[in-house]
Amino acid sequence: MRKALSLIILILLLLPLYSEVEEKYTLDSLILAMESGNSELLKADQEIIKARLDTADAKGGYTPTIDLLVSGTYMANPVMGPIKVSPGDIKGLPDIVSSVWTDPLDVSFDMGNNRVQGQLTITQPVFTWGKLSNAVKLYQTVEGLRGMEKSDKENQLIAELRSRLDALYYMDRIYPLLSEIEEKADKLLSIAESAADNGMLLQEDVLDARIQKQQVVISRREIDSQYSSVLEGLRTLTGIPDLTMDDIDYAPDETIADKVLSVGEEGLKALATDPSRLTLQMLDGMEDVMVYTNEIAKGSIYGKPDIALQVAATYGGKIDSNWLDSDTWGVNITLALSTTLWDGGKKMNDIKRSASDIASAAIDKNSAVRTIEENVSSSFESAMLSIEKIRFSEMKRDSDSLKAENRRNALSLGSSSESDVLEAELQVIQDEIEIITERISMSQSVYTLMYLAALDPAHLPVISDGMNQ
């Protein structure tokens, strides 16, 4: 029994540790959090709902409209009269009737205090020159566009999410380097001040050391500001308000850049401007919307009547025990034609305006294709430049590392000073920071290319010895 109790206690103690590990966010779980908590995507969902309702409204135009009107009236003095009829009031009355009917006859009647009127009207469109069908097509197209807009926005946000995660990961690697720089800068400043006190250095050398120390402070402040900004953006993206990098299990895939860039600038342009791309599909959809709008305008031109069938049932009378027999009932069946013969040319202008919108949509599409190609070129060149800068900084770091090693050896032989060694080591760290900073810039360009060209990380080209597989 004691062993079982001890085992239960041990499990309970280990549960918090297990939960802590399980709560780490991966890239996939952050994407899921973004899909369910990002305000832009949630708003896009509402736009889809509204577009779906607009489509339902348009389809509702095919069905009859049913209207019911019921009114009740209370009359405080409903008695009509007195109304009396004498035999002399009726011409041609037979003498035998006149001899019997001698006194005036009271024909007044009680209308009752309460009366009710009701009308049920059913209106069914019969022919509308395609306005109803084109309206349905228009709103169905808009509904599809809203769905594509959400998917495109989600792809944009995923690219931004990856870029922010990379930036935070690399900035976390910069912080230890800054601490090393601060430590070495403090030593340099201490050596410079001691040497100046002993008359071995000029005061301007001390000032240079202090300036170098202050530059480190400024660099840390800049990194802090950038880190905070990127982290807040990540929290907004995912909808997780208290998210930190400690909650995330993520490391950049540094092979993605080579895989994406191996496609080549022209290849990326071809992918980005392929008709299947969401951006171009949306532009095609906008052009379709303008076409349907033009068809609706043409269906409303002068002299084209809308035809509708209307059935109206009416009744009215007083409410009493015999109301069903005494009420007045009626049924009317109407075939109505309605058209505008002239309105000052407004309908003609609507047709011309919608035709102009079609031309504008085509121009927008051509312009968008060109803009996409420009963005691909710009991002590709930026990524290639970052690669060259990284290679240069790596060469420089290797060279500076060799120099620092030589100075440390020289120091052990007494032919160099500690300050010379520190300055050389500081330069190596600066080179490493430049490499990391450039990787942040490169990842932003690469993820932009992946979004523009709709490249899936799981289906990127395989790189082997610099060649595509």
# chains A, B, ... in the order shown; residues from 1 in each chain; ligands from 1

$ residues_around --residues "A:Leu68" --least-positions-apart "3" --cutoff "12 Å" --atoms "only C-alpha atoms" --output "list in words"
Thr65, Ser71, Gln117, Gly118, Gln119, Leu120, Thr121, Ile122, Thr123, Val311, Ala312, Ala313, Thr314 and Tyr315 of chain A

$ write_last_selection --atoms "C-alpha atoms" --output "JSON list (two decimals), in the first residue's frame"
[["chain", "number", "residue", "atom", "x", "y", "z"],
["A", 65, "THR", "CA", -42.81, 37.12, -51.79],
["A", 71, "SER", "CA", -55.90, 45.69, -39.38],
["A", 117, "GLN", "CA", -59.58, 44.02, -42.65],
["A", 118, "GLY", "CA", -57.00, 41.60, -44.01],
["A", 119, "GLN", "CA", -55.05, 40.99, -47.18],
["A", 120, "LEU", "CA", -52.66, 38.18, -48.16],
["A", 121, "THR", "CA", -50.54, 38.92, -51.23],
["A", 122, "ILE", "CA", -48.24, 36.48, -53.07],
["A", 123, "THR", "CA", -45.92, 37.95, -55.72],
["A", 311, "VAL", "CA", -52.35, 36.75, -56.21],
["A", 312, "ALA", "CA", -54.16, 38.72, -53.50],
["A", 313, "ALA", "CA", -56.83, 37.41, -51.12],
["A", 314, "THR", "CA", -58.79, 40.02, -49.14],
["A", 315, "TYR", "CA", -61.50, 39.94, -46.51]]

$ residues_around --residues "stretch 143-157 of chain A" --least-positions-apart "2" --cutoff "10 Å" --atoms "only C-alpha atoms" --output "number ranges by chain"
A: 31, 34-35, 38, 40-55, 137-141, 159-163, 237-238, 277-279, 281-286, 289, 447-448, 450-452, 454

$ residues_around --residues "stretch 426-430 of chain A" --least-positions-apart "4" --cutoff "7 Å" --atoms "only C-alpha atoms" --output "list in words"
Leu177, Ile181, Arg397, Asp400, Ser401, Leu422 and Glu434 of chain A

$ atom_distance --atom1 "atom CA of A:Ser36" --atom2 "atom CA of A:Asp253"
25.3 Å

$ closest_residue --among "A:Ala404, A:Ala383, A:Asn409, A:Met290" --to "A:Asp350" --atoms "only C-alpha atoms"
A:Met290

$ residues_around --residues "A:Ala453" --least-positions-apart "6" --cutoff "12 Å" --atoms "only C-alpha atoms" --output "ChimeraX atom specification"
/A:152,155-156,159,260-261,263-280,372-373,375-377,379-380,446-447,460

$ write_last_selection --atoms "N, CA and C atoms" --output "mmCIF file, in the first residue's frame"
data_model
loop_
_atom_site.group_PDB
_atom_site.id
_atom_site.type_symbol
_atom_site.label_atom_id
_atom_site.label_comp_id
_atom_site.auth_asym_id
_atom_site.auth_seq_id
_atom_site.Cartn_x
_atom_site.Cartn_y
_atom_site.Cartn_z
ATOM 1 N N ASP A 152 -5.673 33.706 -48.875
ATOM 2 C CA ASP A 152 -4.493 34.502 -49.221
ATOM 3 C C ASP A 152 -3.957 35.229 -47.992
ATOM 4 N N ASN A 155 -2.064 32.817 -45.865
ATOM 5 C CA ASN A 155 -0.726 32.549 -46.406
ATOM 6 C C ASN A 155 0.230 33.698 -46.086
ATOM 7 N N GLN A 156 -0.256 34.921 -46.194
ATOM 8 C CA GLN A 156 0.567 36.083 -45.840
ATOM 9 C C GLN A 156 0.990 36.015 -44.367
ATOM 10 N N ALA A 159 3.657 33.434 -43.620
ATOM 11 C CA ALA A 159 4.981 33.934 -43.993
ATOM 12 C C ALA A 159 5.494 34.928 -42.954
ATOM 13 N N VAL A 260 14.738 27.558 -52.032
ATOM 14 C CA VAL A 260 13.869 28.545 -52.705
ATOM 15 C C VAL A 260 14.625 29.250 -53.815
ATOM 16 N N LEU A 261 15.838 29.705 -53.521
ATOM 17 C CA LEU A 261 16.606 30.468 -54.505
ATOM 18 C C LEU A 261 17.076 29.588 -55.658
ATOM 19 N N VAL A 263 15.278 27.735 -57.351
ATOM 20 C CA VAL A 263 14.230 27.789 -58.387
ATOM 21 C C VAL A 263 14.576 28.837 -59.433
ATOM 22 N N GLY A 264 15.321 29.862 -59.026
ATOM 23 C CA GLY A 264 15.728 30.917 -59.949
ATOM 24 C C GLY A 264 14.705 32.036 -60.024
ATOM 25 N N GLU A 265 15.177 33.214 -60.385
ATOM 26 C CA GLU A 265 14.293 34.379 -60.430
ATOM 27 C C GLU A 265 13.168 34.186 -61.431
ATOM 28 N N GLU A 266 13.478 33.739 -62.639
ATOM 29 C CA GLU A 266 12.448 33.571 -63.663
ATOM 30 C C GLU A 266 11.470 32.464 -63.284
ATOM 31 N N GLY A 267 11.989 31.399 -62.672
ATOM 32 C CA GLY A 267 11.110 30.326 -62.219
ATOM 33 C C GLY A 267 10.146 30.798 -61.148
ATOM 34 N N LEU A 268 10.645 31.617 -60.229
ATOM 35 C CA LEU A 268 9.792 32.161 -59.175
ATOM 36 C C LEU A 268 8.751 33.116 -59.755
ATOM 37 N N LYS A 269 9.141 33.900 -60.751
ATOM 38 C CA LYS A 269 8.184 34.793 -61.407
ATOM 39 C C LYS A 269 7.074 33.997 -62.081
ATOM 40 N N ALA A 270 7.466 32.909 -62.746
ATOM 41 C CA ALA A 270 6.470 32.074 -63.431
ATOM 42 C C ALA A 270 5.477 31.477 -62.433
ATOM 43 N N LEU A 271 5.987 31.020 -61.281
ATOM 44 C CA LEU A 271 5.104 30.463 -60.261
ATOM 45 C C LEU A 271 4.193 31.538 -59.668
ATOM 46 N N ALA A 272 4.756 32.719 -59.431
ATOM 47 C CA ALA A 272 3.993 33.799 -58.791
ATOM 48 C C ALA A 272 2.898 34.350 -59.693
ATOM 49 N N THR A 273 3.084 34.269 -61.018
ATOM 50 C CA THR A 273 2.103 34.816 -61.961
ATOM 51 C C THR A 273 1.299 33.722 -62.654
ATOM 52 N N ASP A 274 1.376 32.510 -62.149
ATOM 53 C CA ASP A 274 0.580 31.417 -62.707
ATOM 54 C C ASP A 274 -0.909 31.705 -62.476
ATOM 55 N N PRO A 275 -1.763 31.425 -63.451
ATOM 56 C CA PRO A 275 -3.204 31.719 -63.300
ATOM 57 C C PRO A 275 -3.849 31.033 -62.098
ATOM 58 N N SER A 276 -3.231 29.952 -61.613
ATOM 59 C CA SER A 276 -3.804 29.243 -60.463
ATOM 60 C C SER A 276 -3.540 29.948 -59.135
ATOM 61 N N ARG A 277 -2.656 30.960 -59.134
ATOM 62 C CA ARG A 277 -2.353 31.674 -57.892
ATOM 63 C C ARG A 277 -3.599 32.393 -57.379
ATOM 64 N N LEU A 278 -3.771 32.372 -56.063
ATOM 65 C CA LEU A 278 -4.947 32.984 -55.460
ATOM 66 C C LEU A 278 -5.092 34.446 -55.841
ATOM 67 N N THR A 279 -3.971 35.159 -55.878
ATOM 68 C CA THR A 279 -4.026 36.588 -56.195
ATOM 69 C C THR A 279 -4.625 36.824 -57.568
ATOM 70 N N LEU A 280 -4.198 36.039 -58.549
ATOM 71 C CA LEU A 280 -4.713 36.209 -59.904
ATOM 72 C C LEU A 280 -6.141 35.690 -60.023
ATOM 73 N N ILE A 372 3.658 42.007 -58.997
ATOM 74 C CA ILE A 372 4.115 40.729 -58.436
ATOM 75 C C ILE A 372 5.514 40.395 -58.956
ATOM 76 N N GLU A 373 5.723 40.584 -60.254
ATOM 77 C CA GLU A 373 7.038 40.303 -60.830
ATOM 78 C C GLU A 373 8.105 41.215 -60.218
ATOM 79 N N ASN A 375 8.032 42.552 -57.211
ATOM 80 C CA ASN A 375 8.268 42.108 -55.833
ATOM 81 C C ASN A 375 9.130 40.852 -55.794
ATOM 82 N N VAL A 376 8.896 39.942 -56.757
ATOM 83 C CA VAL A 376 9.727 38.740 -56.829
ATOM 84 C C VAL A 376 11.178 39.118 -57.098
ATOM 85 N N SER A 377 11.381 40.012 -58.085
ATOM 86 C CA SER A 377 12.746 40.440 -58.415
ATOM 87 C C SER A 377 13.418 41.111 -57.227
ATOM 88 N N SER A 379 12.691 40.871 -53.953
ATOM 89 C CA SER A 379 12.955 39.935 -52.854
ATOM 90 C C SER A 379 14.074 38.963 -53.213
ATOM 91 N N PHE A 380 14.122 38.534 -54.475
ATOM 92 C CA PHE A 380 15.169 37.604 -54.907
ATOM 93 C C PHE A 380 16.537 38.273 -54.814
ATOM 94 N N VAL A 446 13.230 35.542 -48.179
ATOM 95 C CA VAL A 446 12.910 34.178 -48.620
ATOM 96 C C VAL A 446 11.449 33.850 -48.348
ATOM 97 N N TYR A 447 10.946 34.205 -47.177
ATOM 98 C CA TYR A 447 9.548 33.904 -46.869
ATOM 99 C C TYR A 447 8.605 34.728 -47.743
ATOM 100 N N LEU A 460 9.671 21.699 -51.402
ATOM 101 C CA LEU A 460 10.726 22.493 -52.028
ATOM 102 C C LEU A 460 11.734 21.565 -52.707
#

$ closest_residue --among "A:Val291, A:Leu309, A:Leu455, A:Leu449" --to "A:Ser378" --atoms "only C-alpha atoms"
A:Leu449

$ closest_residue --among "A:Thr128, A:Ser86, A:Gln444, A:Thr26" --to "A:Gly61" --atoms "only C-alpha atoms"
A:Thr128

$ residues_around --residues "A:Leu132" --least-positions-apart "5" --cutoff "10 Å" --atoms "only C-alpha atoms" --output "number ranges by chain"
A: 58-62, 125, 127, 137-138, 296, 299

$ residues_around --residues "A:Ala359" --least-positions-apart "6" --cutoff "12 Å" --atoms "only C-alpha atoms" --output "PyMOL selection string"
chain A and resi 286-288+290-291+294+352-353+365-366

$ write_last_selection --atoms "N, CA and C atoms" --output "PDB file, in the first residue's frame"
ATOM      1  N   MET A 286     -12.858  39.495 -59.615  1.00  0.00           N
ATOM      2  CA  MET A 286     -13.306  40.885 -59.623  1.00  0.00           C
ATOM      3  C   MET A 286     -13.755  41.302 -61.012  1.00  0.00           C
ATOM      4  N   GLU A 287     -13.066  40.802 -62.028  1.00  0.00           N
ATOM      5  CA  GLU A 287     -13.470  41.103 -63.398  1.00  0.00           C
ATOM      6  C   GLU A 287     -14.840  40.475 -63.691  1.00  0.00           C
ATOM      7  N   ASP A 288     -15.059  39.254 -63.191  1.00  0.00           N
ATOM      8  CA  ASP A 288     -16.359  38.599 -63.374  1.00  0.00           C
ATOM      9  C   ASP A 288     -17.468  39.389 -62.687  1.00  0.00           C
ATOM     10  N   MET A 290     -17.621  42.565 -62.243  1.00  0.00           N
ATOM     11  CA  MET A 290     -17.931  43.724 -63.077  1.00  0.00           C
ATOM     12  C   MET A 290     -18.767  43.325 -64.304  1.00  0.00           C
ATOM     13  N   VAL A 291     -18.495  42.139 -64.865  1.00  0.00           N
ATOM     14  CA  VAL A 291     -19.262  41.658 -66.021  1.00  0.00           C
ATOM     15  C   VAL A 291     -20.717  41.424 -65.614  1.00  0.00           C
ATOM     16  N   ASN A 294     -22.544  44.610 -65.211  1.00  0.00           N
ATOM     17  CA  ASN A 294     -22.888  45.162 -66.520  1.00  0.00           C
ATOM     18  C   ASN A 294     -24.134  44.471 -67.093  1.00  0.00           C
ATOM     19  N   LYS A 352     -22.699  52.167 -69.111  1.00  0.00           N
ATOM     20  CA  LYS A 352     -21.384  52.687 -69.487  1.00  0.00           C
ATOM     21  C   LYS A 352     -20.421  52.632 -68.306  1.00  0.00           C
ATOM     22  N   ARG A 353     -20.943  52.928 -67.120  1.00  0.00           N
ATOM     23  CA  ARG A 353     -20.095  52.915 -65.921  1.00  0.00           C
ATOM     24  C   ARG A 353     -19.594  51.505 -65.624  1.00  0.00           C
ATOM     25  N   LYS A 365      -5.579  43.943 -63.230  1.00  0.00           N
ATOM     26  CA  LYS A 365      -4.969  42.619 -63.294  1.00  0.00           C
ATOM     27  C   LYS A 365      -3.583  42.699 -63.934  1.00  0.00           C
ATOM     28  N   ASN A 366      -3.483  43.419 -65.048  1.00  0.00           N
ATOM     29  CA  ASN A 366      -2.179  43.564 -65.723  1.00  0.00           C
ATOM     30  C   ASN A 366      -1.178  44.271 -64.817  1.00  0.00           C
TER      31      ASN A 366
END

$ atom_distance --atom1 "atom CA of A:Lys24" --atom2 "atom CA of A:Asp249"
5.8 Å

$ select_by_dssp --residues "stretch 230-448 of chain A" --states "alpha helix (DSSP H)" --output "PyMOL selection string"
chain A and resi 230-238+256-261+265-272+278-299+323-326+346-412+418-448

$ write_last_selection --atoms "C-alpha atoms" --output "compact mmCIF listing (two decimals), in the first residue's frame"
# COMPACT_ATOMS: atom_id res chain seq x y z
CA VAL A 230 8.68 41.58 -33.10
CA LEU A 231 7.37 39.67 -30.07
CA GLU A 232 4.31 41.90 -29.78
CA GLY A 233 3.65 41.35 -33.47
CA LEU A 234 3.90 37.59 -32.90
CA ARG A 235 1.39 37.81 -30.06
CA THR A 236 -1.01 39.74 -32.27
CA LEU A 237 -0.57 37.24 -35.10
CA THR A 238 -1.28 34.18 -32.97
CA ILE A 256 15.11 26.67 -47.04
CA ALA A 257 16.87 29.69 -48.54
CA ASP A 258 19.03 27.60 -50.86
CA LYS A 259 16.01 25.51 -51.91
CA VAL A 260 13.87 28.54 -52.70
CA LEU A 261 16.61 30.47 -54.51
CA GLU A 265 14.29 34.38 -60.43
CA GLU A 266 12.45 33.57 -63.66
CA GLY A 267 11.11 30.33 -62.22
CA LEU A 268 9.79 32.16 -59.18
CA LYS A 269 8.18 34.79 -61.41
CA ALA A 270 6.47 32.07 -63.43
CA LEU A 271 5.10 30.46 -60.26
CA ALA A 272 3.99 33.80 -58.79
CA LEU A 278 -4.95 32.98 -55.46
CA THR A 279 -4.03 36.59 -56.20
CA LEU A 280 -4.71 36.21 -59.90
CA GLN A 281 -7.84 34.16 -59.29
CA MET A 282 -9.15 37.00 -57.13
CA LEU A 283 -8.42 39.50 -59.88
CA ASP A 284 -10.26 37.29 -62.38
CA GLY A 285 -13.16 37.10 -59.93
CA MET A 286 -13.31 40.89 -59.62
CA GLU A 287 -13.47 41.10 -63.40
CA ASP A 288 -16.36 38.60 -63.37
CA VAL A 289 -18.19 40.71 -60.79
CA MET A 290 -17.93 43.72 -63.08
CA VAL A 291 -19.26 41.66 -66.02
CA TYR A 292 -22.30 40.52 -64.01
CA THR A 293 -22.90 44.10 -62.87
CA ASN A 294 -22.89 45.16 -66.52
CA GLU A 295 -25.39 42.42 -67.44
CA ILE A 296 -27.70 43.51 -64.61
CA ALA A 297 -27.52 47.10 -65.86
CA LYS A 298 -28.37 45.96 -69.40
CA GLY A 299 -31.38 44.06 -68.06
CA TRP A 323 -68.61 36.81 -38.86
CA LEU A 324 -67.61 34.05 -41.29
CA ASP A 325 -70.90 34.25 -43.20
CA SER A 326 -71.19 38.03 -43.12
CA LYS A 346 -29.26 57.24 -65.68
CA LYS A 347 -29.67 53.62 -66.76
CA MET A 348 -27.59 54.20 -69.88
CA ASN A 349 -24.92 55.74 -67.68
CA ASP A 350 -25.05 52.68 -65.40
CA ILE A 351 -24.26 50.46 -68.40
CA LYS A 352 -21.38 52.69 -69.49
CA ARG A 353 -20.10 52.91 -65.92
CA SER A 354 -20.09 49.13 -65.48
CA ALA A 355 -18.34 48.72 -68.84
CA SER A 356 -15.68 51.12 -67.60
CA ASP A 357 -15.35 49.04 -64.41
CA ILE A 358 -14.70 45.95 -66.56
CA ALA A 359 -11.90 47.76 -68.38
CA SER A 360 -10.49 48.98 -65.04
CA ALA A 361 -10.51 45.42 -63.65
CA ALA A 362 -8.51 44.22 -66.67
CA ILE A 363 -6.02 47.06 -66.17
CA ASP A 364 -5.75 46.24 -62.45
CA LYS A 365 -4.97 42.62 -63.29
CA ASN A 366 -2.18 43.56 -65.72
CA SER A 367 -0.78 46.03 -63.21
CA ALA A 368 -0.93 43.45 -60.42
CA VAL A 369 0.99 40.91 -62.50
CA ARG A 370 3.69 43.46 -63.11
CA THR A 371 3.80 44.40 -59.41
CA ILE A 372 4.12 40.73 -58.44
CA GLU A 373 7.04 40.30 -60.83
CA GLU A 374 8.71 43.41 -59.39
CA ASN A 375 8.27 42.11 -55.83
CA VAL A 376 9.73 38.74 -56.83
CA SER A 377 12.75 40.44 -58.41
CA SER A 378 13.25 42.73 -55.43
CA SER A 379 12.96 39.93 -52.85
CA PHE A 380 15.17 37.60 -54.91
CA GLU A 381 17.91 40.22 -55.25
CA SER A 382 17.67 41.07 -51.55
CA ALA A 383 18.03 37.41 -50.62
CA MET A 384 21.00 36.94 -52.96
CA LEU A 385 22.63 40.07 -51.54
CA SER A 386 22.13 38.75 -48.02
CA ILE A 387 23.81 35.49 -48.99
CA GLU A 388 26.80 37.38 -50.36
CA LYS A 389 26.99 39.50 -47.23
CA ILE A 390 26.84 36.40 -45.03
CA ARG A 391 29.64 34.77 -47.03
CA PHE A 392 31.71 37.94 -46.77
CA SER A 393 31.10 38.24 -43.03
CA GLU A 394 31.96 34.58 -42.54
CA MET A 395 35.24 35.07 -44.41
CA LYS A 396 35.91 38.18 -42.38
CA ARG A 397 35.08 36.35 -39.14
CA ASP A 398 37.48 33.54 -40.02
CA SER A 399 40.18 36.05 -40.84
CA ASP A 400 39.57 38.04 -37.66
CA SER A 401 39.51 34.81 -35.62
CA LEU A 402 42.96 33.97 -36.98
CA LYS A 403 44.18 37.46 -36.11
CA ALA A 404 42.80 37.12 -32.58
CA GLU A 405 44.50 33.75 -32.20
CA ASN A 406 47.79 35.22 -33.38
CA ARG A 407 47.49 38.07 -30.91
CA ARG A 408 46.76 35.66 -28.07
CA ASN A 409 49.88 33.71 -29.02
CA ALA A 410 51.84 36.93 -29.25
CA LEU A 411 50.53 37.93 -25.82
CA SER A 412 51.82 34.69 -24.34
CA GLU A 418 45.83 42.42 -23.62
CA SER A 419 44.01 45.39 -25.17
CA ASP A 420 45.12 44.28 -28.65
CA VAL A 421 43.76 40.81 -27.95
CA LEU A 422 40.46 42.21 -26.66
CA GLU A 423 40.04 44.45 -29.70
CA ALA A 424 40.65 41.50 -32.02
CA GLU A 425 38.16 39.34 -30.11
CA LEU A 426 35.60 42.14 -30.19
CA GLN A 427 35.90 42.28 -33.97
CA VAL A 428 35.22 38.54 -34.22
CA ILE A 429 32.06 38.94 -32.15
CA GLN A 430 30.97 41.89 -34.29
CA ASP A 431 31.43 39.73 -37.38
CA GLU A 432 29.25 37.04 -35.84
CA ILE A 433 26.51 39.59 -35.05
CA GLU A 434 26.62 40.84 -38.65
CA ILE A 435 26.14 37.27 -39.89
CA ILE A 436 23.14 36.72 -37.61
CA THR A 437 21.61 40.11 -38.51
CA GLU A 438 21.94 39.34 -42.21
CA ARG A 439 20.26 35.97 -41.69
CA ILE A 440 17.23 37.81 -40.31
CA SER A 441 17.10 39.99 -43.41
CA MET A 442 17.54 36.96 -45.68
CA SER A 443 14.74 35.00 -44.02
CA GLN A 444 12.32 37.89 -44.56
CA SER A 445 13.13 37.96 -48.28
CA VAL A 446 12.91 34.18 -48.62
CA TYR A 447 9.55 33.90 -46.87
CA THR A 448 8.23 36.72 -49.05
